[in-house]
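The data block below is entry34.pdb; it holds PDB, C-alpha atoms.
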ATOM      1  CA  MET W   1      60.544  36.549 -41.824
ATOM      2  CA  GLY W   2      62.857  33.873 -40.428
ATOM      3  CA  ASN W   3      59.957  32.154 -38.668
ATOM      4  CA  PHE W   4      57.797  32.389 -41.797
ATOM      5  CA  ALA W   5      60.546  30.862 -43.941
ATOM      6  CA  GLN W   6      61.037  28.101 -41.381
ATOM      7  CA  LEU W   7      57.309  27.312 -41.419
ATOM      8  CA  VAL W   8      57.229  27.215 -45.222
ATOM      9  CA  ILE W   9      60.206  24.842 -45.264
ATOM     10  CA  LEU W  10      58.636  22.612 -42.608
ATOM     11  CA  GLY W  11      55.320  22.612 -44.458
ATOM     12  CA  LEU W  12      56.884  21.575 -47.757
ATOM     13  CA  LEU W  13      58.966  18.885 -46.065
ATOM     14  CA  ALA W  14      55.903  17.530 -44.274
ATOM     15  CA  GLY W  15      53.999  17.686 -47.543
ATOM     16  CA  GLY W  16      56.524  15.342 -49.128
ATOM     17  CA  VAL W  17      55.285  12.496 -46.931
ATOM     18  CA  TYR W  18      51.673  13.289 -47.826
ATOM     19  CA  VAL W  19      52.565  13.241 -51.523
ATOM     20  CA  ALA W  20      54.090   9.771 -51.130
ATOM     21  CA  VAL W  21      51.043   8.545 -49.218
ATOM     22  CA  GLY W  22      48.537  10.169 -51.575
ATOM     23  CA  VAL W  23      49.753   9.119 -55.039
ATOM     24  CA  GLY W  24      48.957   5.435 -54.591
ATOM     25  CA  PHE W  25      45.640   6.155 -52.897
ATOM     26  CA  GLY W  26      44.614   8.516 -55.705
ATOM     27  CA  LEU W  27      45.592   6.019 -58.415
ATOM     28  CA  VAL W  28      43.414   3.249 -56.961
ATOM     29  CA  TRP W  29      40.507   5.609 -56.374
ATOM     30  CA  GLY W  30      40.722   7.210 -59.793
ATOM     31  CA  VAL W  31      40.998   3.994 -61.814
ATOM     32  CA  LEU W  32      39.170   1.355 -59.782
ATOM     33  CA  ASN W  33      36.701   3.729 -58.087
ATOM     34  CA  ILE W  34      37.705   2.176 -54.762
ATOM     35  CA  VAL W  35      38.326   4.312 -51.680
ATOM     36  CA  ASN W  36      40.925   1.959 -50.219
ATOM     37  CA  LEU W  37      40.493   1.996 -46.432
ATOM     38  CA  SER W  38      43.415  -0.418 -46.062
ATOM     39  CA  HIS W  39      45.877   2.051 -47.582
ATOM     40  CA  GLY W  40      47.199   3.260 -44.225
ATOM     41  CA  ALA W  41      47.767  -0.322 -43.060
ATOM     42  CA  LEU W  42      49.768  -1.037 -46.230
ATOM     43  CA  VAL W  43      51.827   2.088 -45.527
ATOM     44  CA  ILE W  44      52.739   0.715 -42.100
ATOM     45  CA  VAL W  45      53.670  -2.658 -43.611
ATOM     46  CA  GLY W  46      56.271  -0.771 -45.637
ATOM     47  CA  ALA W  47      57.471   0.959 -42.473
ATOM     48  CA  TYR W  48      57.944  -2.368 -40.690
ATOM     49  CA  ILE W  49      59.849  -3.839 -43.642
ATOM     50  CA  THR W  50      62.262  -0.905 -43.504
ATOM     51  CA  TRP W  51      62.600  -1.281 -39.727
ATOM     52  CA  GLN W  52      63.251  -5.022 -40.034
ATOM     53  CA  LEU W  53      65.918  -4.617 -42.717
ATOM     54  CA  PHE W  54      67.558  -1.760 -40.822
ATOM     55  CA  THR W  55      67.566  -3.659 -37.522
ATOM     56  CA  ALA W  56      68.572  -7.084 -38.823
ATOM     57  CA  PHE W  57      70.997  -6.173 -41.630
ATOM     58  CA  HIS W  58      71.886  -2.521 -40.821
ATOM     59  CA  LEU W  59      70.762  -1.572 -44.316
ATOM     60  CA  ASP W  60      70.384   2.150 -44.940
ATOM     61  CA  PRO W  61      66.645   2.977 -44.783
ATOM     62  CA  PHE W  62      66.643   4.666 -48.189
ATOM     63  CA  LEU W  63      68.131   1.513 -49.742
ATOM     64  CA  THR W  64      65.201  -0.496 -48.352
ATOM     65  CA  LEU W  65      62.633   1.499 -50.334
ATOM     66  CA  PRO W  66      62.866  -0.658 -53.503
ATOM     67  CA  VAL W  67      62.369  -3.747 -51.311
ATOM     68  CA  ASP W  68      59.304  -2.099 -49.721
ATOM     69  CA  ALA W  69      57.915  -1.372 -53.176
ATOM     70  CA  LEU W  70      58.489  -4.904 -54.509
ATOM     71  CA  ILE W  71      56.980  -6.669 -51.487
ATOM     72  CA  LEU W  72      53.961  -4.357 -51.362
ATOM     73  CA  PHE W  73      53.517  -4.681 -55.126
ATOM     74  CA  ALA W  74      53.250  -8.463 -54.790
ATOM     75  CA  LEU W  75      50.958  -8.174 -51.764
ATOM     76  CA  GLY W  76      48.728  -5.614 -53.494
ATOM     77  CA  TYR W  77      48.478  -7.735 -56.648
ATOM     78  CA  ALA W  78      47.457 -10.778 -54.593
ATOM     79  CA  ILE W  79      44.868  -8.835 -52.573
ATOM     80  CA  GLN W  80      43.268  -7.305 -55.653
ATOM     81  CA  ARG W  81      43.351 -10.416 -57.854
ATOM     82  CA  GLY W  82      42.238 -12.796 -55.116
ATOM     83  CA  VAL W  83      39.791 -10.737 -53.060
ATOM     84  CA  ILE W  84      38.756  -7.281 -54.268
ATOM     85  CA  ASN W  85      38.304  -8.364 -57.883
ATOM     86  CA  ARG W  86      35.326 -10.452 -56.826
ATOM     87  CA  VAL W  87      33.342  -7.328 -55.865
ATOM     88  CA  ILE W  88      34.926  -4.787 -58.225
ATOM     89  CA  ARG W  89      31.590  -3.880 -59.832
ATOM     90  CA  ALA W  90      29.601  -4.037 -56.610
ATOM     91  CA  PRO W  91      28.187  -0.852 -55.013
ATOM     92  CA  LEU W  92      30.707   1.421 -53.298
ATOM     93  CA  LEU W  93      29.604   0.296 -49.821
ATOM     94  CA  PHE W  94      30.759  -3.272 -50.562
ATOM     95  CA  THR W  95      34.302  -2.194 -51.419
ATOM     96  CA  PHE W  96      34.289   0.140 -48.411
ATOM     97  CA  LEU W  97      33.493  -2.753 -46.090
ATOM     98  CA  LEU W  98      35.899  -5.135 -47.826
ATOM     99  CA  THR W  99      38.898  -2.788 -47.702
ATOM    100  CA  PHE W 100      38.042  -1.929 -44.091
ATOM    101  CA  GLY W 101      38.113  -5.658 -43.311
ATOM    102  CA  ILE W 102      41.491  -6.009 -45.053
ATOM    103  CA  ASN W 103      42.707  -3.066 -42.973
ATOM    104  CA  LEU W 104      41.726  -4.866 -39.751
ATOM    105  CA  ILE W 105      43.369  -8.111 -40.870
ATOM    106  CA  VAL W 106      46.655  -6.399 -41.753
ATOM    107  CA  ILE W 107      46.717  -4.481 -38.459
ATOM    108  CA  ASN W 108      46.078  -7.613 -36.402
ATOM    109  CA  VAL W 109      48.730  -9.594 -38.274
ATOM    110  CA  LEU W 110      51.209  -6.803 -37.528
ATOM    111  CA  LEU W 111      50.154  -6.871 -33.864
ATOM    112  CA  LEU W 112      50.803 -10.617 -33.730
ATOM    113  CA  LEU W 113      54.214 -10.240 -35.334
ATOM    114  CA  PHE W 114      55.497  -7.041 -33.727
ATOM    115  CA  LYS W 115      53.206  -6.415 -30.732
ATOM    116  CA  SER W 116      52.152  -2.839 -29.988
ATOM    117  CA  ASP W 117      55.634  -1.522 -29.116
ATOM    118  CA  PHE W 118      56.940   1.583 -30.836
ATOM    119  CA  ARG W 119      59.646   0.879 -33.429
ATOM    120  CA  SER W 120      62.090   3.521 -34.648
ATOM    121  CA  VAL W 121      64.561   3.709 -37.503
ATOM    122  CA  THR W 122      67.479   5.915 -36.456
ATOM    123  CA  PRO W 123      70.402   6.005 -38.904
ATOM    124  CA  SER W 124      73.523   8.007 -38.068
ATOM    125  CA  TYR W 125      72.292  11.076 -39.935
ATOM    126  CA  SER W 126      68.948  11.116 -38.126
ATOM    127  CA  GLY W 127      68.422  14.495 -36.449
ATOM    128  CA  SER W 128      71.043  16.264 -38.579
ATOM    129  CA  GLY W 129      70.226  19.097 -40.932
ATOM    130  CA  ILE W 130      71.406  22.038 -42.994
ATOM    131  CA  GLU W 131      71.449  25.423 -41.271
ATOM    132  CA  LEU W 132      70.636  28.339 -43.558
ATOM    133  CA  GLY W 133      70.661  31.257 -41.148
ATOM    134  CA  PRO W 134      67.575  30.878 -38.941
ATOM    135  CA  VAL W 135      66.201  28.084 -41.123
ATOM    136  CA  VAL W 136      67.072  24.452 -40.374
ATOM    137  CA  VAL W 137      66.395  21.825 -43.032
ATOM    138  CA  SER W 138      66.382  18.205 -41.866
ATOM    139  CA  TYR W 139      68.427  15.867 -44.062
ATOM    140  CA  THR W 140      65.905  13.066 -43.565
ATOM    141  CA  ARG W 141      62.837  15.118 -44.440
ATOM    142  CA  LEU W 142      64.601  16.778 -47.381
ATOM    143  CA  ALA W 143      65.532  13.378 -48.791
ATOM    144  CA  ALA W 144      61.973  12.135 -48.133
ATOM    145  CA  LEU W 145      60.589  15.085 -50.120
ATOM    146  CA  ALA W 146      62.975  14.322 -52.993
ATOM    147  CA  VAL W 147      61.973  10.638 -52.993
ATOM    148  CA  ALA W 148      58.273  11.571 -52.926
ATOM    149  CA  ILE W 149      58.654  13.879 -55.931
ATOM    150  CA  LEU W 150      60.633  11.207 -57.797
ATOM    151  CA  LEU W 151      57.958   8.643 -56.920
ATOM    152  CA  ALA W 152      55.221  10.898 -58.295
ATOM    153  CA  ALA W 153      57.257  11.646 -61.422
ATOM    154  CA  GLY W 154      57.910   7.946 -61.955
ATOM    155  CA  LEU W 155      54.224   7.137 -61.582
ATOM    156  CA  ALA W 156      53.288   9.902 -64.035
ATOM    157  CA  PHE W 157      55.834   8.534 -66.526
ATOM    158  CA  VAL W 158      54.444   4.999 -66.214
ATOM    159  CA  LEU W 159      50.861   6.186 -66.688
ATOM    160  CA  ASN W 160      51.555   8.477 -69.646
ATOM    161  CA  ARG W 161      54.509   6.905 -71.469
ATOM    162  CA  THR W 162      54.129   3.128 -71.161
ATOM    163  CA  ARG W 163      51.724   0.641 -72.699
ATOM    164  CA  THR W 164      50.709  -0.618 -69.255
ATOM    165  CA  GLY W 165      50.029   2.889 -68.026
ATOM    166  CA  LEU W 166      47.927   3.754 -71.031
ATOM    167  CA  ALA W 167      45.930   0.556 -70.485
ATOM    168  CA  ILE W 168      45.364   1.574 -66.848
ATOM    169  CA  GLN W 169      44.145   4.999 -67.933
ATOM    170  CA  ALA W 170      41.883   3.451 -70.568
ATOM    171  CA  VAL W 171      40.273   1.218 -67.936
ATOM    172  CA  GLY W 172      39.802   4.240 -65.688
ATOM    173  CA  ALA W 173      38.118   6.174 -68.496
ATOM    174  CA  ASP W 174      35.790   3.434 -69.794
ATOM    175  CA  ARG W 175      36.275  -0.138 -68.634
ATOM    176  CA  ASP W 176      33.792  -1.623 -71.105
ATOM    177  CA  ALA W 177      35.420   0.068 -74.101
ATOM    178  CA  ALA W 178      38.847  -0.980 -72.812
ATOM    179  CA  GLN W 179      37.716  -4.594 -72.639
ATOM    180  CA  LEU W 180      36.389  -4.409 -76.202
ATOM    181  CA  VAL W 181      39.835  -3.430 -77.524
ATOM    182  CA  GLY W 182      41.469  -6.403 -75.806
ATOM    183  CA  ILE W 183      42.653  -5.102 -72.426
ATOM    184  CA  ASP W 184      42.612  -7.778 -69.704
ATOM    185  CA  LEU W 185      40.532  -6.071 -67.014
ATOM    186  CA  ARG W 186      41.398  -8.451 -64.172
ATOM    187  CA  HIS W 187      45.135  -8.125 -64.772
ATOM    188  CA  THR W 188      44.903  -4.341 -65.192
ATOM    189  CA  TYR W 189      42.852  -3.982 -62.011
ATOM    190  CA  ALA W 190      45.424  -6.032 -60.101
ATOM    191  CA  LEU W 191      48.335  -4.062 -61.578
ATOM    192  CA  THR W 192      46.693  -0.776 -60.609
ATOM    193  CA  PHE W 193      46.137  -1.860 -57.025
ATOM    194  CA  ALA W 194      49.648  -3.332 -56.888
ATOM    195  CA  ILE W 195      51.230  -0.064 -58.051
ATOM    196  CA  GLY W 196      49.183   1.820 -55.459
ATOM    197  CA  ALA W 197      50.359  -0.603 -52.775
ATOM    198  CA  ALA W 198      53.985  -0.229 -53.929
ATOM    199  CA  CYS W 199      53.675   3.552 -53.533
ATOM    200  CA  ALA W 200      52.243   2.957 -50.052
ATOM    201  CA  GLY W 201      55.265   0.788 -49.216
ATOM    202  CA  VAL W 202      57.685   3.537 -50.229
ATOM    203  CA  ALA W 203      55.681   6.033 -48.179
ATOM    204  CA  GLY W 204      55.874   3.707 -45.179
ATOM    205  CA  GLY W 205      59.642   3.458 -45.480
ATOM    206  CA  LEU W 206      59.886   7.260 -45.463
ATOM    207  CA  ILE W 207      57.521   7.538 -42.496
ATOM    208  CA  SER W 208      59.620   5.100 -40.441
ATOM    209  CA  LEU W 209      62.494   7.612 -40.691
ATOM    210  CA  ILE W 210      60.360  10.449 -39.367
ATOM    211  CA  GLN W 211      58.305   8.905 -36.561
ATOM    212  CA  ALA W 212      58.102   5.791 -34.431
ATOM    213  CA  VAL W 213      55.583   3.309 -35.814
ATOM    214  CA  THR W 214      53.076   0.887 -34.338
ATOM    215  CA  PRO W 215      50.638  -1.424 -36.151
ATOM    216  CA  THR W 216      47.826   1.118 -35.747
ATOM    217  CA  ALA W 217      49.860   4.156 -36.836
ATOM    218  CA  GLY W 218      48.575   4.023 -40.402
ATOM    219  CA  GLU W 219      44.961   4.945 -39.729
ATOM    220  CA  PRO W 220      45.499   8.745 -39.826
ATOM    221  CA  TYR W 221      47.335   8.414 -43.136
ATOM    222  CA  THR W 222      44.262   6.954 -44.835
ATOM    223  CA  LEU W 223      42.280  10.061 -43.897
ATOM    224  CA  GLN W 224      45.132  12.365 -44.851
ATOM    225  CA  ALA W 225      45.493  10.650 -48.243
ATOM    226  CA  PHE W 226      41.775  11.197 -48.797
ATOM    227  CA  VAL W 227      42.145  14.911 -48.026
ATOM    228  CA  VAL W 228      45.234  15.257 -50.220
ATOM    229  CA  VAL W 229      43.497  13.701 -53.230
ATOM    230  CA  ILE W 230      40.370  15.820 -52.755
ATOM    231  CA  LEU W 231      42.388  19.040 -52.374
ATOM    232  CA  GLY W 232      44.463  18.526 -55.496
ATOM    233  CA  GLY W 233      41.844  16.730 -57.541
ATOM    234  CA  LEU W 234      41.270  13.185 -58.708
ATOM    235  CA  GLY W 235      42.740  11.964 -61.991
ATOM    236  CA  ARG W 236      46.177  13.612 -62.118
ATOM    237  CA  VAL W 237      49.413  12.776 -60.337
ATOM    238  CA  SER W 238      50.392  16.463 -60.425
ATOM    239  CA  ALA W 239      47.158  17.288 -58.601
ATOM    240  CA  THR W 240      48.080  14.874 -55.802
ATOM    241  CA  VAL W 241      51.524  16.487 -55.529
ATOM    242  CA  LEU W 242      49.915  19.910 -55.201
ATOM    243  CA  GLY W 243      47.391  18.598 -52.673
ATOM    244  CA  GLY W 244      50.092  16.950 -50.557
ATOM    245  CA  LEU W 245      52.327  20.010 -50.411
ATOM    246  CA  LEU W 246      49.351  22.270 -49.698
ATOM    247  CA  PHE W 247      48.130  19.987 -46.915
ATOM    248  CA  GLY W 248      51.602  20.009 -45.345
ATOM    249  CA  LEU W 249      51.726  23.819 -45.413
ATOM    250  CA  ILE W 250      48.230  24.141 -43.931
ATOM    251  CA  GLU W 251      49.036  21.682 -41.154
ATOM    252  CA  VAL W 252      52.305  23.364 -40.165
ATOM    253  CA  PHE W 253      50.888  26.901 -40.197
ATOM    254  CA  ALA W 254      47.835  25.742 -38.209
ATOM    255  CA  GLN W 255      50.082  24.124 -35.599
ATOM    256  CA  SER W 256      52.048  27.374 -35.271
ATOM    257  CA  ILE W 257      48.964  29.188 -33.932
ATOM    258  CA  PRO W 258      49.558  29.649 -30.176
ATOM    259  CA  GLY W 259      47.663  27.066 -28.152
ATOM    260  CA  SER W 260      46.327  25.316 -31.246
ATOM    261  CA  GLY W 261      48.014  21.915 -31.180
ATOM    262  CA  SER W 262      47.268  19.106 -33.577
ATOM    263  CA  VAL W 263      43.512  19.140 -32.856
ATOM    264  CA  TYR W 264      42.971  22.600 -34.307
ATOM    265  CA  ALA W 265      45.419  21.844 -37.106
ATOM    266  CA  ASN W 266      43.318  18.870 -38.177
ATOM    267  CA  ALA W 267      40.118  20.899 -37.819
ATOM    268  CA  ILE W 268      41.499  23.629 -40.078
ATOM    269  CA  ALA W 269      42.766  21.110 -42.651
ATOM    270  CA  PHE W 270      39.492  19.213 -42.826
ATOM    271  CA  GLY W 271      37.539  22.468 -42.790
ATOM    272  CA  LEU W 272      39.440  23.464 -45.914
ATOM    273  CA  LEU W 273      38.482  20.101 -47.405
ATOM    274  CA  VAL W 274      34.810  20.894 -46.905
ATOM    275  CA  LEU W 275      35.319  24.338 -48.462
ATOM    276  CA  VAL W 276      36.993  22.823 -51.540
ATOM    277  CA  LEU W 277      34.190  20.276 -51.908
ATOM    278  CA  VAL W 278      31.598  23.052 -51.833
ATOM    279  CA  VAL W 279      33.379  25.563 -54.074
ATOM    280  CA  ARG W 280      35.308  23.294 -56.462
ATOM    281  CA  PRO W 281      34.312  19.616 -56.121
ATOM    282  CA  GLN W 282      36.842  18.416 -58.710
ATOM    283  CA  GLY W 283      39.711  19.810 -56.625
ATOM    284  CA  LEU W 284      42.131  22.607 -57.398
ATOM    285  CA  ILE W 285      43.462  21.179 -60.682
ATOM    286  CA  GLY W 286      41.557  17.908 -60.979
ATOM    287  CA  ARG W 287      39.316  16.741 -63.784
ATOM    288  CA  LEU W 288      35.553  16.559 -63.623
ATOM    289  CA  ARG W 289      34.403  12.912 -63.575
TER     290      ARG W 289
END

Starting from the file, lay out its structure as structure tokens.
Amino acid sequence: MGNFAQLVILGLLAGGVYVAVGVGFGLVWGVLNIVNLSHGALVIVGAYITWQLFTAFHLDPFLTLPVDALILFALGYAIQRGVINRVIRAPLLFTFLLTFGINLIVINVLLLLFKSDFRSVTPSYSGSGIELGPVVVSYTRLAALAVAILLAAGLAFVLNRTRTGLAIQAVGADRDAAQLVGIDLRHTYALTFAIGAACAGVAGGLISLIQAVTPTAGEPYTLQAFVVVILGGLGRVSATVLGGLLFGLIEVFAQSIPGSGSVYANAIAFGLLVLVLVVRPQGLIGRLR
């Protein structure tokens, strides 16, 4: 029972990171109908901002998260307004190729700036945790889970309780009707992508506390965000939260199988993705599109 409880705790804590990574990805996909292949690269930009502020100014990593969000918000707005907006109504393959190209550009810029060395953020409380009998809860991962839940709650509040959020949802539901009632589509598109990028920046700051980062470390997170959104369902922030926590639990329990390793863990997780797509294409609590 102690081992089972430990695995559940580890799974939920790991799921917190996937929630943070997935909410921005799901927002852009659900509203703009863009599967953003540069999402993982934007996550790592946030990680490097946290590392830079921690190294240069000894700023606590959790205090750098608002800076990550603001910088990535501005970057995301510029990318959407200046580049992606030009092909927003093009076939899906065009946006696939464009966001993949942006992903390569961001990665290579990071390589020029930071090389391929591993960078770590190690505050004084790194490695410490709460011991509850046989269960150990990492302070860093527990705080990351709390931040991820707050991030998702904040995004849900913006989408459901603010004028901007309601405009974003209206564009996602019917862009032509939204334009007829006076919503500026270009600005709303850019805001949506910017908010998704800001969420990616916060996720990157959390990831820098958990693992060493390199410019190419974001690629797996794009795939994992895709799985998280599919598992929970597209169109609801709560669905992404469920998908992220579930993916974390599946990954941890799969890794606990003797001799499995990360390869089998990924195979099990993506196998479940295929099963969900076959049995319930809209996800566990998502909306039919």

Would you tabulate, counting only C-alpha atoms, all residues of segment 53-113 of chain W that have an atom at most 10 Å from an atom of segment 191-206 of chain W, showing the closest pair of atoms and their distance in Å to one decimal, sorted by chain then ascending number, as a Markdown table?
| residue | atom | partner | partner_atom | distance |
| --- | --- | --- | --- | --- |
| W:Pro61 | CA | W:Gly205 | CA | 7.1 |
| W:Phe62 | CA | W:Gly205 | CA | 7.6 |
| W:Leu63 | CA | W:Gly205 | CA | 9.7 |
| W:Thr64 | CA | W:Gly205 | CA | 7.4 |
| W:Leu65 | CA | W:Val202 | CA | 5.4 |
| W:Pro66 | CA | W:Val202 | CA | 7.4 |
| W:Val67 | CA | W:Gly201 | CA | 8.7 |
| W:Asp68 | CA | W:Gly201 | CA | 5.0 |
| W:Ala69 | CA | W:Ala198 | CA | 4.2 |
| W:Leu70 | CA | W:Ala198 | CA | 6.5 |
| W:Ile71 | CA | W:Ala198 | CA | 7.5 |
| W:Leu72 | CA | W:Ala198 | CA | 4.9 |
| W:Phe73 | CA | W:Ala194 | CA | 4.5 |
| W:Ala74 | CA | W:Ala194 | CA | 6.6 |
| W:Leu75 | CA | W:Ala194 | CA | 7.2 |
| W:Gly76 | CA | W:Ala194 | CA | 4.2 |
| W:Tyr77 | CA | W:Ala194 | CA | 4.6 |
| W:Ala78 | CA | W:Ala194 | CA | 8.1 |
| W:Ile79 | CA | W:Phe193 | CA | 8.4 |
| W:Gln80 | CA | W:Phe193 | CA | 6.3 |
| W:Arg81 | CA | W:Leu191 | CA | 8.9 |
| W:Ile84 | CA | W:Phe193 | CA | 9.6 |

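Using all atoms listed in the file, the nearest neighbour of Val147 of chain W within the list W:Leu98, W:Val23, W:Leu272, W:Val17 is W:Val17.
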
Mind checking which residues fall within 8 Å of Gly26 of chain W, counting all atoms listed in the file, ignoring those fewer than 2 positions away in the same chain, and posting them as a PDB file with C-alpha atoms, keeping the file's coordinate frame?
ATOM      1  CA  GLY W  22      48.537  10.169 -51.575  1.00  0.00           C
ATOM      2  CA  VAL W  23      49.753   9.119 -55.039  1.00  0.00           C
ATOM      3  CA  GLY W  24      48.957   5.435 -54.591  1.00  0.00           C
ATOM      4  CA  VAL W  28      43.414   3.249 -56.961  1.00  0.00           C
ATOM      5  CA  TRP W  29      40.507   5.609 -56.374  1.00  0.00           C
ATOM      6  CA  GLY W  30      40.722   7.210 -59.793  1.00  0.00           C
ATOM      7  CA  ALA W 225      45.493  10.650 -48.243  1.00  0.00           C
ATOM      8  CA  PHE W 226      41.775  11.197 -48.797  1.00  0.00           C
ATOM      9  CA  VAL W 229      43.497  13.701 -53.230  1.00  0.00           C
ATOM     10  CA  LEU W 234      41.270  13.185 -58.708  1.00  0.00           C
ATOM     11  CA  GLY W 235      42.740  11.964 -61.991  1.00  0.00           C
ATOM     12  CA  VAL W 237      49.413  12.776 -60.337  1.00  0.00           C
ATOM     13  CA  THR W 240      48.080  14.874 -55.802  1.00  0.00           C
TER      14      THR W 240
END

Checklist outcome for this item: Counting all atoms listed in the file, the residue among W:Ala167, W:Ile34, W:Val213, W:Ala148 that lies closest to Ile49 of chain W is W:Val213

Next on the checklist: Running the PyMOL selection byres ((chain W and resi 110-127) around 12) on this model by hand, what would come out? Give it as a ChimeraX atom specification.
Outcome noted: /W:41-56,58-64,103-109,128-130,136-143,204-218

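Counting all atoms listed in the file, the residue from W:Ile230, W:Val19, W:Leu10, W:Ile149 that sits nearest to Val35 of chain W is W:Ile230.
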
Checklist entry - Quick one: distance from atom CA of Leu249 of chain W to atom CA of Val228 of chain W in Å, one decimal? => result 11.8 Å

Next on the checklist: Can you measure atom CA of Val181 of chain W to atom CA of Val158 of chain W for me? One decimal in Å is fine.
Outcome noted: 20.3 Å

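Across the model, the gap from atom CA of Leu242 of chain W to atom CA of Val21 of chain W is 12.9 Å.
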
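The nearest approach to Asn85 of chain W among the residues W:Thr164, W:Asn266, W:Thr188, W:Gln282, with only C-alpha atoms taken into account, belongs to W:Thr188.
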
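Distance annotation: of W:Leu284, W:Leu27, W:Leu231, W:Ala146, the residue with the minimal separation from Gly172 of chain W is W:Leu27; atom set is only C-alpha atoms.
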
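Near Ala170 of chain W, within a cut-off of 12 Å and counting all atoms listed in the file, sit the residues Gly30, Val31, Leu32, Leu159, Asn160, Arg163, Thr164, Gly165, Leu166, Ala167, Ala173, Asp174, Arg175, Asp176, Ala177, Ala178, Gln179, Leu180, Val181, Gly182, Ile183, Asp184, Leu185, Thr188, Tyr189 and Thr192 of chain W, with same-chain residues fewer than 3 positions away left out.
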
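Candidate residues W:Ala152, W:Ile168, W:Ala239, W:Ala269 were compared for distance to Phe253 of chain W, and the nearest is W:Ala269, using only C-alpha atoms.
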